[in-house]
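With compact mmCIF, C-alpha atoms inside, this is structure_13.txt:
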```
# COMPACT_ATOMS: atom_id res chain seq x y z
CA ASP A 303 -39.92 80.01 -32.44
CA GLY A 304 -42.64 80.00 -29.78
CA GLY A 305 -44.38 83.19 -28.93
CA ILE A 306 -47.44 85.39 -29.08
CA THR A 307 -48.47 87.32 -32.14
CA GLN A 308 -50.88 90.19 -32.41
CA SER A 309 -52.01 91.80 -35.59
CA PRO A 310 -52.11 94.38 -36.86
CA LYS A 311 -49.62 96.56 -34.98
CA TYR A 312 -51.54 99.73 -35.86
CA LEU A 313 -55.28 99.91 -36.49
CA PHE A 314 -57.48 102.83 -37.39
CA ARG A 315 -61.26 102.74 -37.23
CA LYS A 316 -64.11 105.15 -37.48
CA GLU A 317 -66.24 105.84 -34.45
CA GLY A 318 -69.22 103.49 -34.23
CA GLN A 319 -67.51 100.54 -35.92
CA ASN A 320 -66.72 97.27 -34.21
CA VAL A 321 -63.16 96.02 -34.61
CA THR A 322 -61.53 92.68 -33.78
CA LEU A 323 -57.94 92.37 -32.58
CA SER A 324 -56.27 89.03 -33.07
CA CYS A 325 -54.03 87.19 -30.61
CA GLU A 326 -52.40 83.85 -31.33
CA GLN A 327 -49.93 81.87 -29.20
CA ASN A 328 -47.99 78.68 -29.93
CA LEU A 329 -46.64 78.26 -26.40
CA ASN A 330 -49.27 75.66 -25.49
CA HIS A 331 -50.41 77.90 -22.65
CA ASP A 332 -53.80 77.35 -21.07
CA ALA A 333 -54.40 80.89 -19.82
CA MET A 334 -54.74 84.01 -21.98
CA TYR A 335 -55.41 87.65 -21.14
CA TRP A 336 -56.25 90.99 -22.70
CA TYR A 337 -55.02 94.24 -21.21
CA ARG A 338 -55.43 97.83 -22.12
CA GLN A 339 -52.66 100.40 -21.53
CA ASP A 340 -53.23 104.15 -21.54
CA PRO A 341 -50.60 106.86 -20.98
CA GLY A 342 -49.89 107.27 -17.28
CA GLN A 343 -51.98 104.22 -16.39
CA GLY A 344 -51.03 100.72 -15.42
CA LEU A 345 -52.12 97.73 -17.44
CA ARG A 346 -55.80 97.11 -16.87
CA LEU A 347 -57.35 93.68 -17.35
CA ILE A 348 -60.19 93.46 -19.85
CA TYR A 349 -60.88 89.73 -20.11
CA TYR A 350 -59.10 86.52 -19.26
CA SER A 351 -59.51 82.87 -20.12
CA GLN A 352 -58.23 79.97 -18.10
CA ILE A 353 -59.16 77.26 -20.60
CA VAL A 354 -60.79 76.75 -23.98
CA ASN A 355 -64.47 77.72 -24.14
CA ASP A 356 -64.24 79.61 -20.87
CA PHE A 357 -63.56 83.30 -20.23
CA GLN A 358 -64.20 85.81 -17.48
CA LYS A 359 -64.59 89.57 -17.27
CA GLY A 360 -61.69 91.56 -15.90
CA ASP A 361 -61.83 95.01 -14.36
CA ILE A 362 -62.88 96.95 -17.47
CA ALA A 363 -64.89 94.53 -19.66
CA GLU A 364 -67.68 96.93 -20.64
CA GLY A 365 -67.75 97.51 -24.38
CA TYR A 366 -65.54 94.51 -25.16
CA SER A 367 -66.18 90.87 -26.05
CA VAL A 368 -63.95 87.81 -26.50
CA SER A 369 -64.10 84.20 -27.58
CA ARG A 370 -61.86 81.21 -26.86
CA GLU A 371 -62.78 78.51 -29.34
CA LYS A 372 -59.21 77.27 -29.74
CA LYS A 373 -56.40 77.01 -27.21
CA GLU A 374 -54.07 79.11 -29.32
CA SER A 375 -56.44 81.95 -30.16
CA PHE A 376 -58.13 84.65 -28.04
CA PRO A 377 -59.54 87.44 -30.22
CA LEU A 378 -60.86 90.66 -28.69
CA THR A 379 -63.70 92.67 -30.22
CA VAL A 380 -63.91 96.34 -29.37
CA THR A 381 -67.54 97.26 -29.85
CA SER A 382 -69.12 100.62 -30.53
CA ALA A 383 -70.33 100.58 -26.92
CA GLN A 384 -66.78 101.16 -25.67
CA LYS A 385 -66.73 104.89 -24.92
CA ASN A 386 -63.01 105.52 -25.22
CA PRO A 387 -61.47 102.76 -27.34
CA THR A 388 -58.27 104.48 -28.44
CA ALA A 389 -55.48 102.71 -26.55
CA PHE A 390 -52.61 100.23 -26.71
CA TYR A 391 -53.95 96.68 -26.40
CA LEU A 392 -51.76 93.87 -25.11
CA CYS A 393 -52.48 90.17 -25.21
CA ALA A 394 -50.68 87.79 -22.85
CA SER A 395 -50.56 84.11 -22.00
CA SER A 396 -49.27 81.92 -19.18
CA ILE A 397 -48.98 78.20 -18.50
CA ASP A 398 -51.86 78.53 -16.09
CA ARG A 399 -53.30 81.31 -14.04
CA LEU A 400 -53.07 80.40 -10.44
CA ALA A 401 -49.82 79.32 -8.97
CA GLY A 402 -46.08 79.66 -8.90
CA LYS A 403 -43.72 81.67 -11.02
CA ASN A 404 -45.97 81.37 -14.03
CA GLU A 405 -45.10 84.66 -15.59
CA GLN A 406 -47.23 86.11 -18.32
CA PHE A 407 -45.70 86.42 -21.78
CA PHE A 408 -46.88 89.39 -23.78
CA GLY A 409 -47.51 89.92 -27.46
CA PRO A 410 -46.18 93.02 -29.28
CA GLY A 411 -49.46 94.89 -28.88
CA THR A 412 -51.95 96.61 -31.17
CA ARG A 413 -52.30 100.37 -31.09
CA LEU A 414 -55.94 101.16 -31.90
CA THR A 415 -56.96 104.66 -32.89
CA VAL A 416 -60.60 105.50 -33.32
CA LEU A 417 -61.18 108.60 -35.44
CA GLY B 355 -58.98 98.19 -2.26
CA GLN B 356 -56.09 97.17 -4.45
CA ASN B 357 -53.27 99.66 -4.76
CA ILE B 358 -49.74 99.50 -6.11
CA ASP B 359 -47.50 102.57 -5.94
CA GLN B 360 -44.32 103.28 -7.85
CA PRO B 361 -42.53 106.55 -8.63
CA THR B 362 -43.63 107.94 -11.96
CA GLU B 363 -40.20 108.83 -13.31
CA MET B 364 -36.53 108.44 -12.37
CA THR B 365 -33.29 109.56 -13.95
CA ALA B 366 -29.87 107.99 -13.49
CA THR B 367 -26.43 108.06 -15.05
CA GLU B 368 -24.85 105.39 -17.20
CA GLY B 369 -22.75 103.04 -15.07
CA ALA B 370 -24.56 103.94 -11.84
CA ILE B 371 -26.97 101.95 -9.65
CA VAL B 372 -30.65 102.75 -9.38
CA GLN B 373 -33.36 101.40 -7.05
CA ILE B 374 -37.01 101.46 -8.09
CA ASN B 375 -39.43 101.03 -5.21
CA CYS B 376 -42.88 99.49 -5.21
CA THR B 377 -45.36 99.42 -2.34
CA TYR B 378 -48.56 97.46 -2.47
CA GLN B 379 -51.83 97.05 -0.61
CA THR B 380 -53.83 94.16 -1.97
CA SER B 381 -56.54 91.86 -0.64
CA GLY B 382 -54.12 88.97 -0.89
CA PHE B 383 -50.61 88.19 -2.04
CA ASN B 384 -49.32 85.32 -4.11
CA GLY B 385 -46.13 86.66 -5.65
CA LEU B 386 -44.69 89.87 -7.09
CA PHE B 387 -43.37 90.37 -10.61
CA TRP B 388 -41.19 93.00 -12.24
CA TYR B 389 -41.45 93.64 -15.97
CA GLN B 390 -39.46 95.90 -18.29
CA GLN B 391 -41.26 97.71 -21.10
CA HIS B 392 -39.57 99.77 -23.80
CA ALA B 393 -41.76 102.45 -25.35
CA GLY B 394 -44.35 100.99 -27.71
CA GLU B 395 -43.26 97.42 -27.05
CA ALA B 396 -44.43 94.44 -25.03
CA PRO B 397 -43.50 94.07 -21.36
CA THR B 398 -40.84 91.43 -20.76
CA PHE B 399 -40.43 89.47 -17.54
CA LEU B 400 -37.53 90.42 -15.25
CA SER B 401 -38.05 88.82 -11.87
CA TYR B 402 -40.39 87.07 -9.46
CA ASN B 403 -40.46 87.14 -5.64
CA VAL B 404 -42.82 85.21 -3.41
CA LEU B 405 -40.68 84.85 -0.27
CA ASP B 406 -38.95 87.64 1.64
CA GLY B 407 -35.45 88.44 0.56
CA LEU B 408 -33.30 89.25 -2.42
CA GLU B 409 -33.32 87.51 -5.79
CA GLU B 410 -30.30 88.27 -7.97
CA LYS B 411 -30.11 87.80 -11.71
CA GLY B 412 -27.10 89.36 -13.35
CA ARG B 413 -27.26 93.16 -13.23
CA PHE B 414 -30.84 93.03 -11.90
CA SER B 415 -31.92 92.16 -8.36
CA SER B 416 -35.34 92.26 -6.74
CA PHE B 417 -36.18 92.42 -3.06
CA LEU B 418 -39.42 91.64 -1.23
CA SER B 419 -40.70 92.32 2.28
CA ARG B 420 -44.20 90.90 2.65
CA SER B 421 -44.72 92.33 6.13
CA LYS B 422 -44.07 95.84 4.80
CA GLY B 423 -45.84 95.37 1.46
CA TYR B 424 -42.67 96.54 -0.22
CA SER B 425 -40.42 95.54 -3.07
CA TYR B 426 -37.61 97.13 -4.99
CA LEU B 427 -35.83 96.47 -8.26
CA LEU B 428 -32.11 97.22 -8.27
CA LEU B 429 -30.32 97.84 -11.54
CA LYS B 430 -26.52 97.90 -11.46
CA GLU B 431 -23.99 99.13 -14.04
CA LEU B 432 -26.70 101.01 -15.87
CA GLN B 433 -26.61 101.00 -19.65
CA MET B 434 -28.38 103.29 -22.08
CA LYS B 435 -30.56 100.37 -23.18
CA ASP B 436 -31.98 100.17 -19.65
CA SER B 437 -34.00 103.30 -20.42
CA ALA B 438 -37.53 101.91 -20.22
CA SER B 439 -40.57 101.67 -17.98
CA TYR B 440 -40.46 99.18 -15.13
CA LEU B 441 -43.75 97.65 -14.06
CA CYS B 442 -44.44 96.16 -10.65
CA ALA B 443 -47.28 93.60 -10.52
CA VAL B 444 -48.77 91.63 -7.65
CA ARG B 445 -50.54 88.31 -8.12
CA ASP B 446 -53.85 88.53 -6.34
CA ARG B 447 -54.87 85.85 -3.92
CA GLY B 448 -58.45 86.99 -3.87
CA TYR B 449 -61.43 84.74 -3.68
CA GLY B 450 -63.41 83.43 -6.56
CA GLY B 451 -62.60 84.11 -10.16
CA SER B 452 -60.08 86.88 -9.66
CA GLN B 453 -57.62 84.61 -7.91
CA GLY B 454 -54.34 84.54 -9.73
CA ASN B 455 -54.76 87.71 -11.78
CA LEU B 456 -51.97 90.27 -11.85
CA ILE B 457 -52.53 93.78 -10.54
CA PHE B 458 -50.14 96.24 -12.18
CA GLY B 459 -48.71 99.49 -10.91
CA LYS B 460 -48.56 102.44 -13.29
CA GLY B 461 -44.91 101.87 -14.01
CA THR B 462 -41.72 103.85 -13.44
CA LYS B 463 -40.15 105.49 -16.47
CA LEU B 464 -36.36 105.31 -16.10
CA SER B 465 -34.14 107.56 -18.19
CA VAL B 466 -30.44 106.71 -18.30
CA LYS B 467 -28.21 109.66 -19.24
CA PRO B 468 -24.62 109.46 -20.52
```
Using structure tokens, write down the structure that the file contains.
Amino acid sequence: DGGITQSPKYLFRKEGQNVTLSCEQNLNHDAMYWYRQDPGQGLRLIYYSQIVNDFQKGDIAEGYSVSREKKESFPLTVTSAQKNPTAFYLCASSIDRLAGKNEQFFGPGTRLTVL
Amino acid sequence: GQNIDQPTEMTATEGAIVQINCTYQTSGFNGLFWYQQHAGEAPTFLSYNVLDGLEEKGRFSSFLSRSKGYSYLLLKELQMKDSASYLCAVRDRGYGGSQGNLIFGKGTKLSVKP
């Protein structure tokens, strides 16, 4: 079955530690995205990548980093510089980014809690 | 600025019809999406509108008026499993790198009661 996987579903970390969230897709999609979702807030874009070896900052990139070394993988690192990292993180992918009814498909999410 | 407004919460009765509104003010427009999200789960795609008018898909319909910056999602014959948040998202047609990104509203939490 094609889809997007994120692991783990729940993650606990101590304050000051970096943590990497994984995102893998086997949909052969070019574009991938990371969002953050907080209670009462809409999804906010952290980073996006249109193609391998390329990525761009979204609206709230501070304190986060990404890489896109393979088409199927787009890991997100939450660094100690992120002031309020506890949130629900969603990874998504789409055929491409720009045109048409190219809806984004979402992974199941990772709930990160920083203690 | 970019702004998408939806009601925060709505309640409806099983078997009824409910309309969830979305108004938007964005620098550009290149399509509007509706997603359904059950608590703690991933959003799933419901509908897409890029031209004015109504798109129907089973019990769900979505309407768009570009001149008014307005869309609604219509759910008919409500079922308990329709209890979820409904997210409205506009594809930006901005310049430069942000072109094509989705701007999400905060979502409308729908509760369906027996």
Name all residues at most 7 Å from B:Arg445 (count only C-alpha atoms; drop same-chain ones fewer than 2 positions away) and give them as a PDB file with C-alpha atoms, keeping the file's coordinate frame.
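Output file result11.pdb follows:
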```pdb
ATOM      1  CA  PHE B 383     -50.610  88.190  -2.040  1.00  0.00           C
ATOM      2  CA  ASN B 384     -49.320  85.320  -4.110  1.00  0.00           C
ATOM      3  CA  GLY B 385     -46.130  86.660  -5.650  1.00  0.00           C
ATOM      4  CA  LEU B 386     -44.690  89.870  -7.090  1.00  0.00           C
ATOM      5  CA  ALA B 443     -47.280  93.600 -10.520  1.00  0.00           C
ATOM      6  CA  ARG B 447     -54.870  85.850  -3.920  1.00  0.00           C
ATOM      7  CA  GLY B 454     -54.340  84.540  -9.730  1.00  0.00           C
ATOM      8  CA  ASN B 455     -54.760  87.710 -11.780  1.00  0.00           C
ATOM      9  CA  LEU B 456     -51.970  90.270 -11.850  1.00  0.00           C
ATOM     10  CA  ILE B 457     -52.530  93.780 -10.540  1.00  0.00           C
TER      11      ILE B 457
END
```
Between B:Leu400, B:Met434, B:Leu464, B:Leu405, smallest distance to B:Glu368 by only C-alpha atoms belongs to B:Met434
Find the nearest atom pair between each residue of chain B and chain A for residues within 10 Å, count only C-alpha atoms, give distances in Å to one decimal, sort rows by chain and ascending number, and present the table as CSV.
```
residue,atom,partner,partner_atom,distance
B:Ile358,CA,A:Gly344,CA,9.5
B:Thr362,CA,A:Gly342,CA,8.2
B:Asn384,CA,A:Ala401,CA,7.7
B:Gly385,CA,A:Lys403,CA,7.7
B:Leu386,CA,A:Lys403,CA,9.1
B:Phe387,CA,A:Glu405,CA,7.8
B:Trp388,CA,A:Glu405,CA,9.8
B:Tyr389,CA,A:Glu405,CA,9.7
B:Gly394,CA,A:Gly411,CA,8.0
B:Glu395,CA,A:Pro410,CA,5.7
B:Ala396,CA,A:Pro410,CA,4.8
B:Pro397,CA,A:Phe408,CA,6.3
B:Thr398,CA,A:Phe407,CA,7.1
B:Phe399,CA,A:Glu405,CA,7.0
B:Leu400,CA,A:Glu405,CA,9.5
B:Ser401,CA,A:Glu405,CA,9.0
B:Tyr402,CA,A:Lys403,CA,6.5
B:Asn403,CA,A:Lys403,CA,8.3
B:Val404,CA,A:Lys403,CA,8.4
B:Leu441,CA,A:Gly344,CA,8.0
B:Cys442,CA,A:Gly344,CA,9.3
B:Ala443,CA,A:Leu345,CA,9.4
B:Arg445,CA,A:Leu400,CA,8.6
B:Asp446,CA,A:Leu400,CA,9.1
B:Arg447,CA,A:Leu400,CA,8.7
B:Gly451,CA,A:Gln358,CA,7.7
B:Ser452,CA,A:Gly360,CA,8.0
B:Gln453,CA,A:Leu400,CA,6.7
B:Gly454,CA,A:Leu400,CA,4.4
B:Asn455,CA,A:Arg399,CA,6.9
B:Leu456,CA,A:Leu347,CA,8.4
B:Ile457,CA,A:Arg346,CA,7.9
B:Phe458,CA,A:Gly344,CA,5.6
B:Gly459,CA,A:Gly344,CA,5.2
B:Lys460,CA,A:Gly344,CA,3.7
B:Gly461,CA,A:Gly344,CA,6.4
B:Thr462,CA,A:Gly342,CA,9.7
B:Lys463,CA,A:Gly342,CA,9.9
```
Please report the interatomic distance between atom CA of A:Val368 and atom CA of A:Cys325 in Å with one decimal.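 Atom-to-atom, atom CA of A:Val368 to atom CA of A:Cys325, that is 10.8 Å.
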Go ahead and compute the interatomic distance for atom CA of A:Ala383 and atom CA of B:Gln391, in Å to one decimal.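 We find that atom CA of A:Ala383 and atom CA of B:Gln391 lie 29.8 Å from each other.
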Residue neighbourhood B:Ser425, 9 Å, only C-alpha atoms, exclusion window fewer than 2 positions, as a list of chain:residue names: B:Ile374, B:Asn375, B:Cys376, B:Thr377, B:Tyr378, B:Leu386, B:Asn403, B:Ser416, B:Phe417, B:Leu418, B:Ser419, B:Arg420, B:Lys422, B:Gly423, B:Leu427, B:Cys442
Report task. Work out how far atom CA of A:Ile397 is from atom CA of A:Leu329, in Å to one decimal. Result ->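 Taking atom CA of A:Leu329 as the start and atom CA of A:Ile397 as the end point, the length is 8.2 Å.
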Best match for closeness to A:Met334 among A:Thr322, A:Ser375, A:Ser369, A:Ser351, counting only C-alpha atoms:
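Closest candidate: A:Ser351.
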| task | Compile the contact shell of B:Ser437 as JSON, numbers by chain: residues with an atom at most 12 Å away, counting all atoms listed in the file, same-chain residues fewer than 4 positions apart removed. | result | {"B": [363, 364, 365, 366, 367, 368, 372, 390, 391, 392, 393, 429, 432, 433, 462, 463, 464, 465, 466, 467, 468]}
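Look at A:Glu371: the protein and nucleic acid residues within 10 Å of it, using all atoms listed in the file and passing over chain neighbours fewer than 4 places away, are A:Ile353, A:Val354, A:Asn355, A:Asp356, A:Ser375, A:Phe376, A:Pro377.
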| request: List the neighbours of A:Glu326 out to 6 Å using only C-alpha atoms; skip same-chain residues closer than 4 positions along the sequence, and give me the result as a list of chain:residue names. | output: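 Counting only C-alpha atoms, the residues come to A:Ile306, A:Thr307, A:Glu374, A:Ser375.
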Across B:Ser439, B:Gly369, B:Tyr424, B:Lys430, the smallest distance to B:Lys411, with all atoms listed in the file counted, is shown by B:Lys430
